[in-house]
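Asks: Okay, handing you the structure first.
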Amino acid sequence: MIDLLAVNKQLRESLSSLNHVPWLSGTFCLTGTRVEILQLIQSWTRSANSQMFWLHGQAGSGKSTTVQTTFQWLQQNHIPSALYTCSKTQTELHSPLNVLPTLCYQLCMLDRVYGQYIASEFQNNPLLQSGLGHIATQLELLFLAPFQMARISFGHGVVVILDALDEC
């Protein structure tokens, strides 16, 4: 029998050189608030037709709170998802170079095949780390190549959330 805790620990150690930012929980919608938009987003996550949901509004209108609540709901419902929240005030959350590695790390924790593929690539390719200084390289090495080569599948898909992208 496979010890999933041991596998995840080993995977985390293997991916320690992947420059990722841990998810910092923010504020959540109060019960009974933002019900319509939350239901709309939840419905969208179940739709096979939509590939993108764009939540927009004025500063301070509750977009980030809605995003945090949505991400929490996705996790509670075991829907594969990853979240990156940009921030002008936190250095590690201000760099665009941290976005894709952070999303990659979160997805590695969700899919063992993907995680092992990325860990193996880091172990076998010492040049991989030096190549992560460009977003186009990150996209190729962390997402496009692994998904094509390893035939990784998150079932019905994965929800990737980018919050406050204008702050990166």
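Identifiers in the structure tokens: chain A, B, ... in order shown; residue index from 1 per chain; ligand index from 1 in order shown.
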Please list as a PyMOL selection string every residue within 10 Å of A:Arg46, counting only C-alpha atoms and excluding residues in the same chain fewer than 4 positions away.
Replies: chain A and resi 41-42+50+79+156-157
Asks: Can I get the selection written as a short mmCIF file (atom, residue, chain, number, x, y, z; two decimals), in the first residue's frame, with all heavy atoms?
Replies:
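Dumped everything to out32.cif:
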data_model
loop_
_atom_site.label_atom_id
_atom_site.label_comp_id
_atom_site.auth_asym_id
_atom_site.auth_seq_id
_atom_site.Cartn_x
_atom_site.Cartn_y
_atom_site.Cartn_z
N ILE A 41 -20.16 31.53 -10.38
CA ILE A 41 -18.82 30.96 -10.51
C ILE A 41 -18.86 29.45 -10.31
O ILE A 41 -18.24 28.69 -11.07
CB ILE A 41 -17.85 31.62 -9.51
CG1 ILE A 41 -17.65 33.10 -9.87
CG2 ILE A 41 -16.51 30.89 -9.49
CD1 ILE A 41 -16.93 33.90 -8.80
N GLN A 42 -19.59 28.98 -9.31
CA GLN A 42 -19.68 27.55 -9.07
C GLN A 42 -20.31 26.83 -10.25
O GLN A 42 -19.87 25.75 -10.65
CB GLN A 42 -20.47 27.29 -7.78
CG GLN A 42 -19.71 27.73 -6.55
CD GLN A 42 -20.56 27.74 -5.28
OE1 GLN A 42 -21.70 27.25 -5.26
NE2 GLN A 42 -20.01 28.29 -4.21
N SER A 50 -17.10 26.45 -20.94
CA SER A 50 -16.35 27.66 -20.64
C SER A 50 -14.93 27.35 -20.22
O SER A 50 -14.68 26.47 -19.42
CB SER A 50 -17.03 28.45 -19.53
OG SER A 50 -18.14 29.13 -20.04
N ILE A 79 -12.31 19.89 -6.20
CA ILE A 79 -12.17 20.29 -7.60
C ILE A 79 -10.73 20.76 -7.78
O ILE A 79 -10.30 21.68 -7.09
CB ILE A 79 -13.18 21.40 -7.97
CG1 ILE A 79 -14.61 20.86 -7.81
CG2 ILE A 79 -12.92 21.91 -9.39
CD1 ILE A 79 -15.69 21.91 -7.96
N HIS A 156 -11.85 16.28 -15.45
CA HIS A 156 -12.65 17.24 -16.20
C HIS A 156 -11.97 18.60 -16.33
O HIS A 156 -12.56 19.55 -16.82
CB HIS A 156 -14.02 17.42 -15.54
CG HIS A 156 -14.83 16.15 -15.58
ND1 HIS A 156 -15.26 15.58 -16.75
CD2 HIS A 156 -15.25 15.34 -14.59
CE1 HIS A 156 -15.92 14.48 -16.48
NE2 HIS A 156 -15.93 14.31 -15.17
N GLY A 157 -10.78 18.72 -15.84
CA GLY A 157 -10.04 19.97 -15.94
C GLY A 157 -9.60 20.48 -14.59
O GLY A 157 -9.80 19.83 -13.56
#
Asks: Determine which residues of stretch 34-139 of chain A DSSP labels as helix (DSSP H, G or I) from the backbone of this structure, then write them out as a ChimeraX atom specification.
Replies: /A:35-46,63-76,91-93,96-110,112-124,127-133,135-139
Asks: Using only C-alpha atoms, which protein or nucleic acid residues come within 10 Å of A:Phe53? Drop anything in the same chain fewer than 3 positions from it, and give the result as number ranges by chain.
Replies: A: 40-41, 44-45, 50, 56, 159, 161
Asks: Just to be explicit: take each residue in the selection above, keep N, CA, C and O atoms, and write the result as a PDB file, in the first residue's frame.
Replies:
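To be explicit, this is the file written out as out_7.pdb:
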ATOM      1  N   LEU A  40     -22.856  31.757  -9.621  1.00  0.00           N
ATOM      2  CA  LEU A  40     -22.472  31.865 -11.028  1.00  0.00           C
ATOM      3  C   LEU A  40     -21.100  31.228 -11.260  1.00  0.00           C
ATOM      4  O   LEU A  40     -20.907  30.466 -12.212  1.00  0.00           O
ATOM      5  N   ILE A  41     -20.164  31.527 -10.383  1.00  0.00           N
ATOM      6  CA  ILE A  41     -18.816  30.958 -10.509  1.00  0.00           C
ATOM      7  C   ILE A  41     -18.862  29.450 -10.312  1.00  0.00           C
ATOM      8  O   ILE A  41     -18.241  28.693 -11.070  1.00  0.00           O
ATOM      9  N   TRP A  44     -20.162  27.870 -13.324  1.00  0.00           N
ATOM     10  CA  TRP A  44     -19.147  27.929 -14.382  1.00  0.00           C
ATOM     11  C   TRP A  44     -18.131  26.799 -14.214  1.00  0.00           C
ATOM     12  O   TRP A  44     -17.716  26.196 -15.203  1.00  0.00           O
ATOM     13  N   THR A  45     -17.727  26.504 -12.984  1.00  0.00           N
ATOM     14  CA  THR A  45     -16.720  25.456 -12.776  1.00  0.00           C
ATOM     15  C   THR A  45     -17.226  24.081 -13.215  1.00  0.00           C
ATOM     16  O   THR A  45     -16.432  23.209 -13.528  1.00  0.00           O
ATOM     17  N   SER A  50     -17.099  26.448 -20.939  1.00  0.00           N
ATOM     18  CA  SER A  50     -16.347  27.661 -20.645  1.00  0.00           C
ATOM     19  C   SER A  50     -14.932  27.355 -20.223  1.00  0.00           C
ATOM     20  O   SER A  50     -14.683  26.468 -19.417  1.00  0.00           O
ATOM     21  N   HIS A  56     -14.565  40.961 -12.760  1.00  0.00           N
ATOM     22  CA  HIS A  56     -14.010  42.322 -12.799  1.00  0.00           C
ATOM     23  C   HIS A  56     -14.897  43.260 -12.001  1.00  0.00           C
ATOM     24  O   HIS A  56     -16.060  42.968 -11.727  1.00  0.00           O
ATOM     25  N   VAL A 159      -9.127  24.286 -12.327  1.00  0.00           N
ATOM     26  CA  VAL A 159      -9.455  25.705 -12.241  1.00  0.00           C
ATOM     27  C   VAL A 159      -8.204  26.433 -11.754  1.00  0.00           C
ATOM     28  O   VAL A 159      -7.684  26.120 -10.685  1.00  0.00           O
ATOM     29  N   ILE A 161      -6.793  30.113 -10.770  1.00  0.00           N
ATOM     30  CA  ILE A 161      -7.266  31.445 -10.402  1.00  0.00           C
ATOM     31  C   ILE A 161      -6.087  32.393 -10.275  1.00  0.00           C
ATOM     32  O   ILE A 161      -5.135  32.107  -9.534  1.00  0.00           O
TER      33      ILE A 161
END
Asks: For A:Ile37, which residue among A:Phe154, A:Tyr114, A:Trp54, A:Tyr84 is the nearest when counting only C-alpha atoms?
Replies: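 So, comparing all the options, the nearest one is A:Trp54.
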Asks: Excluding A:Glu140 and its own-chain neighbours fewer than 4 positions away, which residues fall within 12 Å of it when counting only C-alpha atoms? Please give them as a list in words.
Replies: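 Answer for this query is Leu100, Pro101, Cys104, Leu128, Gly131, Leu132, His134, Ile135, Ala136, Leu144, Ala145, Pro146, Phe147, Gln148 and Met149 of chain A.
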